[in-house]
Amino acid sequence: MNFSRVIYNKFLSSWMRISITVIILIPFAIGIALLLKSLPIIRSDSIFNLVGSGKWAPSEGKFGFRPYILSSVYVTLFSFLFAAPVSFLSAIYLTQFARGRLIKLVYPVIDILAGIPSVIYGVWGVLVIVPFISGFVAPVFNTSSSGFTILAGGIVLAVMCIPYMLNMLLEVLKTVPTGLKEATLSLGATNWETTKHVVLRNCFSGVVSSFGLGITKAFGETLAVMMVVGNTVHISFNPLQSGYPLPALIANNYGEMLSIPLYDSALMFAALLLMTIILVINLFFRFLMYRAVNQ
Amino acid sequence: MYQEVCDNIENLVVEPKVKREEPTTVLKISNLNVNLPNHPILKNINLEVQENKITVLLGPSGCGKTTLLKSINRLTSLTPELKVTGKILIEGEDVLNGRTNIPELRQKMGLLSQRPFPLPFSIYKNIAYGLKLKGVRDKNLIEYNVEKRLREVGLWNEVKDRLNTPASSLSIGQQQRLCLARGLAVKPKIILADEPTSALDPTSSKTIECLLKELKKHYTIILVTHVLRQAVRLADHVVFMYYGEIIEQGEPQELFKHPKTEKLRNYLIDGN
Ligand SMILES: Nc1ncnc2c1ncn2[C@@H]1O[C@H](COP(=O)(O)OP(=O)(O)O)[C@@H](O)[C@H]1O
Ligand SMILES: [Mg+2]
């Protein structure tokens, strides 16, 4: 190896190392920045109070995050209830039962759905889902509703999550070797038994982690949800009432009313909270996956 | 070690088969054609497989041996593009056209593939699974069968203390024998073995070869191989295939000593 190539190699590998380091450091940098920025509010009140209290009155210096957290959880839960079964059943059908032509048709559709900007999902939600809820769903339950509701947020979010989850599930299900299916079939199992007993079991951890990552995405999604969920603060378990998820709180208010003391810090705390929750969900599903693989 | 396995199996032979004068045809394939939309894979295959014999399908890679095996137990239906025509009779039953209960049909054949695919269960459940599919619910009967099948493939002593550990924890040679035992549990008529030793080390290969030799007392075996020596060691009947066609078939001694066709002659020269 000649001298210039040695230099070039050293140069290249050091750059690679720097790039990797930057990538690894970014989450820590963000976390630390958020923590520093939210220190004032954490100092002014206990974290337990901040998270547990339901009173949100910035001008009085009261910052209670519970309604926002619950809204986020609630919207995410709804979206998961809609998105998970649909993606799961579609993925099974497409990989185990459908003919090749349908799969060829579905992949570009998934790509298109996944590539649509979230603002368009939001507009669609406002134009279709919101009137649908106020016009049809609410009357069925004998109530009136503006349509800007937790349910609308859940539906829009579910539609956004489906391509994402479906894509992951398809990848996961495709990893099952053909030979394993053939072995099971040759023992006299039907297609459905093969899927249920062997295919799903073989990629159980992958299925669980697909769901987990889908939840993480739903929890953090901001714009489209914000457009249909109503954005008013109150705690309610009625999905036909409006909600105010954490990401919407941050996006709606950051940069405004910063003259109010601690407000800026409170929003940073919300961001820290959001990041922590997503991290916890992520780690939880990784743990499940680890258990599934090593059982 | 395989010697020991062979001895074990010798002891297991409970009821020696009564020798029949006339060989019985278990499987009869006539005018089988398998086509992809643009090119043929198998062309006009005619073949009779005799009971309690090892029929060896010999031929270079890509000549359609695996496809032939998969047509027999209809795994070809996993690939909808494949068009299978012709007639395959198993004990007089039409595989391709007649009956519709494919799972039941597949239980007449045990499949042993190129590399082992243990089911994602414990060792015990791997063998019990086929029985459960057959509708066997009696725990004692299942237990008895698991032990019997594991003994049949010489695996019992190696795994009897860890029946509930995942099958994937076995060595690859043990896994292959487990897959064989699993196939035997559904009481197949025929064992379809697709290059079962190609992923194994020499010792494990010998063990499998030895097992096949013993198992032919109770089963009919179709063995795919491209290893000439394996064919010489095991075959009762050799079928030489080349580019989707059966070129020659017959008794191994005769076929290997006096090949009638240029293609087989060349194959034998290249193989040695
Ligand atoms: N599903 C399939 N799609 C495309 N080609 C196939 C398929 N199955 C088999 N073939 C083709 O058929 C030929 C025979 O394959 P195979 O039966 O696997 O041969 P062998 O087992 O003798 O090596 C090969 O040329 C292979 O490319
Ligand atoms: Mg093959």
# chains A, B, ... in the order shown; residues from 1 in each chain; ligands from 1
$ closest_atom_pairs --of "chain B" --to "ligand 2" --cutoff "8 Å" --atoms "only C-alpha atoms and all ligand atoms" --output "CSV"
residue,atom,partner,partner_atom_place_in_ligand_line,distance
B:Ser61,CA,ligand 2,1 (Mg),6.5
B:Gly62,CA,ligand 2,1 (Mg),6.6
B:Gly64,CA,ligand 2,1 (Mg),7.0
B:Lys65,CA,ligand 2,1 (Mg),5.7
B:Thr66,CA,ligand 2,1 (Mg),4.2
B:Thr67,CA,ligand 2,1 (Mg),7.4
B:Gln114,CA,ligand 2,1 (Mg),7.6
B:Asp194,CA,ligand 2,1 (Mg),6.7
B:Glu195,CA,ligand 2,1 (Mg),7.2
B:Val224,CA,ligand 2,1 (Mg),7.7
$ residues_near_ligand --ligand "ligand 1" --cutoff "10 Å" --atoms "only C-alpha atoms and all ligand atoms" --output "ChimeraX atom specification"
/B:34-42,57-71,76-82,114,194-195,224-226,241-244
$ write_last_selection --atoms "C-alpha atoms" --output "JSON list (two decimals), in the first residue's frame"
[["chain", "number", "residue", "atom", "x", "y", "z"],
["B", 34, "VAL", "CA", -44.20, -28.53, -15.02],
["B", 35, "ASN", "CA", -43.98, -25.17, -16.72],
["B", 36, "LEU", "CA", -43.23, -21.61, -15.83],
["B", 37, "PRO", "CA", -44.96, -19.10, -18.12],
["B", 38, "ASN", "CA", -41.84, -18.74, -20.25],
["B", 39, "HIS", "CA", -39.97, -22.00, -19.91],
["B", 40, "PRO", "CA", -40.49, -25.65, -19.07],
["B", 41, "ILE", "CA", -38.97, -27.06, -15.87],
["B", 42, "LEU", "CA", -40.03, -30.71, -16.16],
["B", 57, "LEU", "CA", -33.01, -38.91, -8.41],
["B", 58, "LEU", "CA", -29.60, -37.99, -9.75],
["B", 59, "GLY", "CA", -28.63, -35.05, -11.86],
["B", 60, "PRO", "CA", -26.85, -31.72, -12.01],
["B", 61, "SER", "CA", -28.13, -28.68, -10.10],
["B", 62, "GLY", "CA", -31.10, -26.99, -11.70],
["B", 63, "CYS", "CA", -32.29, -30.04, -13.63],
["B", 64, "GLY", "CA", -35.60, -30.06, -11.77],
["B", 65, "LYS", "CA", -35.14, -32.65, -9.03],
["B", 66, "THR", "CA", -36.55, -30.45, -6.28],
["B", 67, "THR", "CA", -39.44, -29.43, -8.49],
["B", 68, "LEU", "CA", -40.26, -33.08, -9.11],
["B", 69, "LEU", "CA", -40.35, -33.79, -5.37],
["B", 70, "LYS", "CA", -42.50, -30.74, -4.71],
["B", 71, "SER", "CA", -44.96, -31.78, -7.41],
["B", 76, "THR", "CA", -45.68, -26.51, -6.07],
["B", 77, "SER", "CA", -48.97, -24.80, -5.25],
["B", 78, "LEU", "CA", -46.98, -22.32, -3.14],
["B", 79, "THR", "CA", -45.75, -20.92, -6.46],
["B", 80, "PRO", "CA", -48.91, -20.06, -8.38],
["B", 81, "GLU", "CA", -46.97, -19.33, -11.60],
["B", 82, "LEU", "CA", -46.04, -23.00, -11.88],
["B", 114, "GLN", "CA", -31.79, -29.58, 1.98],
["B", 194, "ASP", "CA", -34.13, -33.54, -1.03],
["B", 195, "GLU", "CA", -30.33, -33.62, -0.77],
["B", 224, "VAL", "CA", -32.52, -36.52, -4.43],
["B", 225, "THR", "CA", -28.79, -36.17, -4.64],
["B", 226, "HIS", "CA", -26.08, -34.84, -6.86],
["B", 241, "MET", "CA", -32.26, -36.37, -14.90],
["B", 242, "TYR", "CA", -30.90, -33.67, -17.13],
["B", 243, "TYR", "CA", -32.54, -30.34, -17.95],
["B", 244, "GLY", "CA", -36.00, -31.36, -16.88]]
$ interface_residues --of "chain A" --to "chain B" --cutoff "6 Å" --atoms "only C-alpha atoms" --output "JSON, numbers by chain"
{"A": [180, 186, 187, 188, 189, 202]}
$ residues_around --residues "Ser87 of chain A" --least-positions-apart "6" --cutoff "7 Å" --atoms "only C-alpha atoms" --output "JSON, numbers by chain"
{"A": [162, 165, 166]}
$ residues_around --residues "segment 107-114 of chain A" --least-positions-apart "5" --cutoff "9 Å" --atoms "only C-alpha atoms" --output "MDAnalysis selection string"
chainID A and resid 102 159:164 166:167
$ residues_around --residues "segment 76-78 of chain A" --least-positions-apart "4" --cutoff "10 Å" --atoms "only C-alpha atoms" --output "list in words"
Leu70, Ser71, Ser72, Phe82, Ala83, Ile150, Leu151, Ala152, Gly153, Gly154, Ile155, Leu157, Ala158, Gly214, Ile215, Thr216, Lys217, Ala218, Phe219, Gly220, Glu221, Pro239 and Pro245 of chain A
$ residues_around --residues "Leu223 of chain A" --least-positions-apart "5" --cutoff "10 Å" --atoms "only C-alpha atoms" --output "count of residues only"
11
$ residues_around --residues "segment 201-205 of chain B" --least-positions-apart "4" --cutoff "7 Å" --atoms "only C-alpha atoms" --output "list in words"
Gly173, Thr197 and Glu209 of chain B
$ select_by_dssp --residues "segment 6-249 of chain B" --states "strand (DSSP E)" --output "PyMOL selection string"
chain B and resi 25-35+40-50+54-58+83-90+93-94+109-112+190-194+220-225+237-242+245-249
$ atom_distance --atom1 "atom CA of Leu141 of chain B" --atom2 "atom CA of Asn164 of chain B"
17.5 Å
$ closest_residue --among "B:Lys189, B:Lys125, B:His258, B:Lys263" --to "Val146 of chain B" --atoms "only C-alpha atoms"
B:Lys125
